[in-house]
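Novice: Structure file final_20.txt, compact mmCIF, C-alpha atoms, is pasted below:
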# COMPACT_ATOMS: atom_id res chain seq x y z
CA MET A 4 24.65 6.56 -12.59
CA SER A 5 20.97 6.74 -11.67
CA ALA A 6 19.53 9.75 -9.88
CA THR A 7 18.71 9.51 -6.20
CA VAL A 8 16.17 11.25 -4.03
CA SER A 9 16.41 12.13 -0.34
CA VAL A 10 13.27 11.45 1.67
CA PRO A 11 13.25 12.75 5.24
CA SER A 12 11.37 10.48 7.63
CA ARG A 13 10.76 10.74 11.35
CA ARG A 14 10.53 6.93 11.55
CA PHE A 15 13.51 6.00 9.33
CA GLY A 16 15.76 9.07 9.25
CA VAL A 17 16.81 10.40 5.86
CA LEU A 18 16.27 7.79 3.16
CA GLU A 19 18.48 7.92 0.06
CA LEU A 20 16.68 6.02 -2.66
CA PRO A 21 16.84 5.66 -6.43
CA ALA A 22 14.56 8.30 -7.95
CA ASP A 23 12.63 5.60 -9.81
CA GLU A 24 11.34 4.27 -6.45
CA LEU A 25 9.35 7.46 -5.93
CA ILE A 26 5.62 6.88 -6.47
CA GLU A 27 3.54 9.81 -7.67
CA PHE A 28 -0.12 9.83 -6.57
CA PRO A 29 -1.85 12.30 -8.92
CA GLU A 30 -5.01 12.34 -6.77
CA GLY A 31 -3.20 11.80 -3.48
CA LEU A 32 -4.52 9.32 -0.92
CA VAL A 33 -7.93 9.61 0.72
CA GLY A 34 -7.74 11.87 3.77
CA LEU A 35 -3.98 12.45 3.54
CA GLY A 36 -1.77 15.21 2.26
CA GLY A 37 1.10 14.86 -0.14
CA SER A 38 1.31 13.15 -3.47
CA ARG A 39 4.75 11.53 -3.47
CA PHE A 40 5.54 8.36 -1.51
CA VAL A 41 8.11 5.57 -1.31
CA VAL A 42 7.71 2.00 -0.07
CA VAL A 43 10.06 1.08 2.77
CA ARG A 44 10.34 -2.59 3.76
CA ALA A 45 9.74 -3.22 7.47
CA GLY A 46 12.29 -6.05 7.40
CA GLU A 47 13.44 -8.85 5.13
CA ASP A 48 11.20 -11.43 6.79
CA SER A 49 8.27 -9.10 7.44
CA PRO A 50 5.12 -9.13 5.30
CA PHE A 51 4.71 -5.44 6.12
CA SER A 52 6.12 -2.30 4.54
CA TRP A 53 5.64 1.40 5.08
CA LEU A 54 4.28 3.85 2.55
CA GLN A 55 6.40 6.85 3.54
CA SER A 56 5.44 10.31 2.34
CA ALA A 57 8.23 12.13 0.51
CA ASP A 58 6.42 15.38 1.32
CA ASP A 59 5.73 14.92 5.06
CA PRO A 60 8.39 13.28 7.29
CA ASP A 61 5.71 12.44 9.88
CA LEU A 62 3.44 10.52 7.50
CA ALA A 63 4.06 6.78 7.05
CA LEU A 64 1.31 4.19 6.57
CA PRO A 65 1.73 0.48 7.23
CA VAL A 66 0.88 -1.55 4.11
CA THR A 67 1.08 -5.14 2.95
CA ASP A 68 0.58 -7.32 -0.11
CA PRO A 69 -3.01 -8.55 0.31
CA TRP A 70 -2.17 -12.03 -0.99
CA ALA A 71 0.31 -12.55 1.87
CA PHE A 72 -2.68 -12.80 4.23
CA PHE A 73 -5.61 -13.48 1.90
CA PRO A 74 -4.52 -15.99 -0.79
CA ASP A 75 -8.00 -15.88 -2.37
CA TYR A 76 -8.13 -12.07 -2.49
CA GLN A 77 -9.87 -10.78 -5.59
CA LEU A 78 -9.41 -7.29 -7.01
CA GLU A 79 -12.19 -6.16 -9.31
CA LEU A 80 -12.08 -2.66 -10.75
CA SER A 81 -14.51 -0.87 -13.00
CA ASP A 82 -13.33 -0.16 -16.54
CA GLU A 83 -13.31 3.53 -15.60
CA ALA A 84 -11.08 2.98 -12.53
CA THR A 85 -8.71 0.81 -14.57
CA ALA A 86 -8.47 3.48 -17.28
CA ASP A 87 -8.14 6.36 -14.79
CA ALA A 88 -5.26 4.57 -13.05
CA GLY A 89 -3.60 3.76 -16.39
CA LEU A 90 -3.51 0.06 -15.60
CA PRO A 91 -3.00 -2.58 -18.26
CA GLU A 92 -6.00 -4.88 -18.67
CA ASP A 93 -3.87 -7.96 -17.98
CA GLY A 94 -2.48 -6.47 -14.74
CA ALA A 95 1.13 -6.95 -15.84
CA GLY A 96 3.59 -4.85 -13.84
CA VAL A 97 0.97 -3.71 -11.30
CA THR A 98 1.77 -3.80 -7.58
CA VAL A 99 -1.17 -3.99 -5.19
CA LEU A 100 -0.90 -2.87 -1.57
CA VAL A 101 -3.50 -2.56 1.16
CA THR A 102 -3.29 -0.26 4.14
CA VAL A 103 -3.03 -1.88 7.55
CA ARG A 104 -4.74 -0.72 10.70
CA ALA A 105 -2.20 -1.57 13.37
CA ALA A 106 -3.32 -2.00 16.95
CA GLY A 107 -1.97 -2.93 20.36
CA GLU A 108 -2.82 -6.60 19.89
CA LEU A 109 -2.39 -8.77 16.79
CA LYS A 110 -6.05 -9.82 16.90
CA ASP A 111 -7.00 -6.19 16.21
CA PHE A 112 -4.77 -5.72 13.12
CA ALA A 113 -6.87 -5.28 9.97
CA ALA A 114 -6.36 -4.61 6.26
CA ASN A 115 -8.47 -2.39 4.04
CA LEU A 116 -9.31 -4.73 1.15
CA LYS A 117 -12.01 -2.36 -0.15
CA ALA A 118 -9.68 0.53 -1.08
CA PRO A 119 -6.36 -0.96 -2.21
CA ILE A 120 -3.48 1.01 -3.65
CA VAL A 121 -2.37 0.06 -7.14
CA VAL A 122 1.02 1.12 -8.49
CA HIS A 123 2.06 0.96 -12.12
CA GLU A 124 5.06 2.61 -13.77
CA GLY A 125 5.74 4.97 -10.88
CA ARG A 126 2.16 6.16 -10.46
CA GLY A 127 -0.11 5.18 -7.60
CA HIS A 128 -3.86 5.29 -7.21
CA GLN A 129 -6.17 4.32 -4.39
CA VAL A 130 -9.08 2.51 -6.01
CA ILE A 131 -12.38 0.98 -4.95
CA ASN A 132 -12.48 -2.81 -5.11
CA SER A 133 -15.92 -4.00 -6.22
CA ALA A 134 -15.24 -7.68 -5.48
CA ALA A 135 -17.69 -9.34 -3.11
CA GLY A 136 -16.30 -9.68 0.38
CA ALA A 137 -13.72 -6.89 0.06
CA ALA A 138 -13.96 -5.60 3.62
CA VAL A 139 -12.79 -2.22 4.87
CA ARG A 140 -11.44 -3.89 8.03
CA ALA A 141 -10.50 -7.48 7.27
CA PRO A 142 -8.77 -9.05 10.31
CA LEU A 143 -5.19 -10.06 9.57
CA PHE A 144 -4.85 -12.35 12.55
CA GLY A 145 -7.48 -14.33 14.38
CA ALA A 146 -7.79 -17.80 15.80
CA GLY A 147 -4.03 -18.02 15.30
CA GLU A 148 -4.17 -17.95 11.51
CA PRO A 149 -3.38 -15.01 9.22
CA GLY A 150 -6.32 -13.66 7.30
CA THR A 151 -8.98 -15.41 9.36
CA ALA A 152 -11.65 -13.84 11.53
Here is a file; write its structure as structure tokens.
Specialist:
Amino acid sequence: MSATVSVPSRRFGVLELPADELIEFPEGLVGLGGSRFVVVRAGEDSPFSWLQSADDPDLALPVTDPWAFFPDYQLELSDEATADAGLPEDGAGVTVLVTVRAAGELKDFAANLKAPIVVHEGRGHQVINSAAGAAVRAPLFGAGEPGTA
């Protein structure tokens, strides 16, 4: 029987999850408190999830897989960032998420492609993407097509 963890959440109520779904952020996330988070799917058909703090029930960030909206998305990390995050050079087993700036209208939704979150073996790190064109506020919806301005 695997261990479970209870995560209180204002948005989702109390979440009972397998302990291995807990993500530890040794350096935390820029501008936010807490160092333990879980990913909560927004819905089976939704490209969005929530990064819910296990330390603060009020803190949940919308996130998405960048390739769901930007098929040509490139993630380029310095050797130092790769080593600091403990990532394998081939990227095997790494999950990449980008934070989403939600707004009142779809045309104003944007993803932060410049500072993605990488998760590997239960540890998460927010990193700086040095790839050309990695915008801080890349529009998710525009002209009726995802990932276009």
Novice: Nearest to A:Asp61 among A:Arg14, A:Phe40, A:Asp75, A:Asp82, with distances taken over all atoms listed in the file: which residue is it?
Specialist: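 Closest residue, counting all atoms listed in the file: A:Arg14.
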Novice: Which of these residues is nearest to A:Gly94, using all atoms listed in the file: A:Val17, A:Pro65, A:Phe51, A:Val121?
Specialist: A:Val121
Novice: Taking all atoms listed in the file into account, produce a table as JSON lines in which each residue of stretch 105-143 of chain A with an atom at most 12 Å from an atom of stretch 32-39 of chain A appears once, together with its shortest atom pair and the distance in Å to one decimal, ordered by chain and rising number.
Specialist:
{"residue": "A:Ala118", "atom": "CA", "partner": "A:Val33", "partner_atom": "CA", "distance": 9.4}
{"residue": "A:Pro119", "atom": "CA", "partner": "A:Leu32", "partner_atom": "CA", "distance": 10.5}
{"residue": "A:Ile120", "atom": "CA", "partner": "A:Leu32", "partner_atom": "CA", "distance": 8.8}
{"residue": "A:Val121", "atom": "CA", "partner": "A:Leu32", "partner_atom": "CA", "distance": 11.4}
{"residue": "A:Gly125", "atom": "CA", "partner": "A:Arg39", "partner_atom": "CA", "distance": 9.9}
{"residue": "A:Arg126", "atom": "CA", "partner": "A:Arg39", "partner_atom": "CA", "distance": 9.2}
{"residue": "A:Gly127", "atom": "CA", "partner": "A:Arg39", "partner_atom": "CA", "distance": 9.0}
{"residue": "A:His128", "atom": "CA", "partner": "A:Leu32", "partner_atom": "CA", "distance": 7.5}
{"residue": "A:Gln129", "atom": "CA", "partner": "A:Leu32", "partner_atom": "CA", "distance": 6.3}
{"residue": "A:Val130", "atom": "CA", "partner": "A:Leu32", "partner_atom": "CA", "distance": 9.6}
{"residue": "A:Ile131", "atom": "CA", "partner": "A:Val33", "partner_atom": "CA", "distance": 11.2}
Novice: Given the choices A:Lys117, A:Thr7, A:Trp53, A:Glu108, which gets closest to A:Phe144 if the distance is worked out from only C-alpha atoms?
Specialist: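 Of all the options, A:Glu108 lies closest to A:Phe144.
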Novice: Could you work out how far atom CA of A:Arg140 lies from atom CA of A:Leu78, giving the answer in Å with one decimal?
Specialist: 15.6 Å
Novice: Could you jot down the atom CA of A:Leu116 to atom CA of A:Leu25 separation for me, Å, one decimal place?
Specialist: 23.4 Å
Novice: How many Å lie between atom CA of A:Val122 and atom CA of A:Val99, rounded to one decimal?
Specialist: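 So the two atoms, atom CA of A:Val122 and atom CA of A:Val99, lie 6.5 Å apart.
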Novice: Could you check which of A:Ala135, A:Thr85, A:Arg44, A:Trp70 is closest to A:Phe15, using only C-alpha atoms?
Specialist: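 Among A:Ala135, A:Thr85, A:Arg44, A:Trp70, it is A:Arg44 that comes nearest to A:Phe15.
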Novice: Calculated over all atoms listed in the file, which of the candidates A:Asn115, A:Ser133, A:Ser49, A:Gln55 has the smallest distance to A:Val10?
Specialist: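 Selected residue with least distance to A:Val10: A:Gln55.
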Novice: Between A:Asn132, A:Thr102, A:Ser81, A:Ser5, single out the one closest to A:Thr67, counting only C-alpha atoms.
Specialist: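 Smallest separation from A:Thr67 among the options: A:Thr102.
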Novice: Fix up stretch 128-139 of chain A with all heavy atoms, then write it as a JSON list (two decimals), keeping the file's coordinate frame.
Specialist:
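Result file part_30.json:
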[["chain", "number", "residue", "atom", "x", "y", "z"],
["A", 128, "HIS", "N", -2.45, 4.89, -7.31],
["A", 128, "HIS", "CA", -3.86, 5.29, -7.21],
["A", 128, "HIS", "C", -4.53, 4.43, -6.14],
["A", 128, "HIS", "O", -4.33, 3.22, -6.11],
["A", 128, "HIS", "CB", -4.59, 5.07, -8.54],
["A", 128, "HIS", "CG", -4.03, 5.87, -9.66],
["A", 128, "HIS", "ND1", -4.47, 7.14, -9.95],
["A", 128, "HIS", "CD2", -3.04, 5.62, -10.54],
["A", 128, "HIS", "CE1", -3.79, 7.61, -10.97],
["A", 128, "HIS", "NE2", -2.91, 6.70, -11.35],
["A", 129, "GLN", "N", -5.32, 5.08, -5.31],
["A", 129, "GLN", "CA", -6.17, 4.32, -4.39],
["A", 129, "GLN", "C", -7.48, 4.12, -5.13],
["A", 129, "GLN", "O", -8.08, 5.06, -5.64],
["A", 129, "GLN", "CB", -6.37, 5.08, -3.08],
["A", 129, "GLN", "CG", -7.00, 4.20, -2.03],
["A", 129, "GLN", "CD", -6.90, 4.80, -0.65],
["A", 129, "GLN", "OE1", -6.75, 6.00, -0.48],
["A", 129, "GLN", "NE2", -6.97, 3.95, 0.36],
["A", 130, "VAL", "N", -7.92, 2.87, -5.21],
["A", 130, "VAL", "CA", -9.08, 2.51, -6.01],
["A", 130, "VAL", "C", -10.12, 1.82, -5.13],
["A", 130, "VAL", "O", -9.82, 1.40, -4.02],
["A", 130, "VAL", "CB", -8.68, 1.59, -7.20],
["A", 130, "VAL", "CG1", -7.78, 2.33, -8.18],
["A", 130, "VAL", "CG2", -8.01, 0.32, -6.70],
["A", 131, "ILE", "N", -11.32, 1.70, -5.66],
["A", 131, "ILE", "CA", -12.38, 0.98, -4.95],
["A", 131, "ILE", "C", -12.49, -0.41, -5.55],
["A", 131, "ILE", "O", -12.69, -0.57, -6.76],
["A", 131, "ILE", "CB", -13.73, 1.71, -5.05],
["A", 131, "ILE", "CG1", -13.63, 3.10, -4.42],
["A", 131, "ILE", "CG2", -14.84, 0.89, -4.39],
["A", 131, "ILE", "CD1", -13.26, 3.09, -2.94],
["A", 132, "ASN", "N", -12.37, -1.41, -4.71],
["A", 132, "ASN", "CA", -12.48, -2.81, -5.11],
["A", 132, "ASN", "C", -13.95, -3.21, -5.05],
["A", 132, "ASN", "O", -14.57, -3.16, -4.00],
["A", 132, "ASN", "CB", -11.64, -3.68, -4.17],
["A", 132, "ASN", "CG", -11.62, -5.13, -4.57],
["A", 132, "ASN", "OD1", -12.21, -5.53, -5.56],
["A", 132, "ASN", "ND2", -10.90, -5.93, -3.79],
["A", 133, "SER", "N", -14.51, -3.62, -6.19],
["A", 133, "SER", "CA", -15.92, -4.00, -6.22],
["A", 133, "SER", "C", -16.14, -5.50, -6.02],
["A", 133, "SER", "O", -17.28, -5.98, -6.11],
["A", 133, "SER", "CB", -16.56, -3.53, -7.54],
["A", 133, "SER", "OG", -15.88, -4.09, -8.64],
["A", 134, "ALA", "N", -15.09, -6.24, -5.71],
["A", 134, "ALA", "CA", -15.24, -7.68, -5.48],
["A", 134, "ALA", "C", -16.06, -7.93, -4.22],
["A", 134, "ALA", "O", -15.93, -7.23, -3.22],
["A", 134, "ALA", "CB", -13.87, -8.34, -5.35],
["A", 135, "ALA", "N", -16.90, -8.96, -4.28],
["A", 135, "ALA", "CA", -17.69, -9.34, -3.11],
["A", 135, "ALA", "C", -16.75, -9.73, -1.98],
["A", 135, "ALA", "O", -15.73, -10.38, -2.18],
["A", 135, "ALA", "CB", -18.60, -10.52, -3.47],
["A", 136, "GLY", "N", -17.08, -9.30, -0.78],
["A", 136, "GLY", "CA", -16.30, -9.68, 0.38],
["A", 136, "GLY", "C", -15.07, -8.84, 0.63],
["A", 136, "GLY", "O", -14.29, -9.14, 1.53],
["A", 137, "ALA", "N", -14.88, -7.77, -0.14],
["A", 137, "ALA", "CA", -13.72, -6.89, 0.06],
["A", 137, "ALA", "C", -14.04, -5.95, 1.22],
["A", 137, "ALA", "O", -14.65, -4.90, 1.04],
["A", 137, "ALA", "CB", -13.41, -6.12, -1.21],
["A", 138, "ALA", "N", -13.62, -6.33, 2.41],
["A", 138, "ALA", "CA", -13.96, -5.60, 3.62],
["A", 138, "ALA", "C", -13.04, -4.40, 3.83],
["A", 138, "ALA", "O", -11.88, -4.40, 3.43],
["A", 138, "ALA", "CB", -13.86, -6.53, 4.83],
["A", 139, "VAL", "N", -13.58, -3.39, 4.50],
["A", 139, "VAL", "CA", -12.79, -2.22, 4.87],
["A", 139, "VAL", "C", -11.84, -2.58, 6.01],
["A", 139, "VAL", "O", -10.72, -2.09, 6.06],
["A", 139, "VAL", "CB", -13.71, -1.03, 5.27],
["A", 139, "VAL", "CG1", -12.91, 0.11, 5.84],
["A", 139, "VAL", "CG2", -14.53, -0.58, 4.07]]
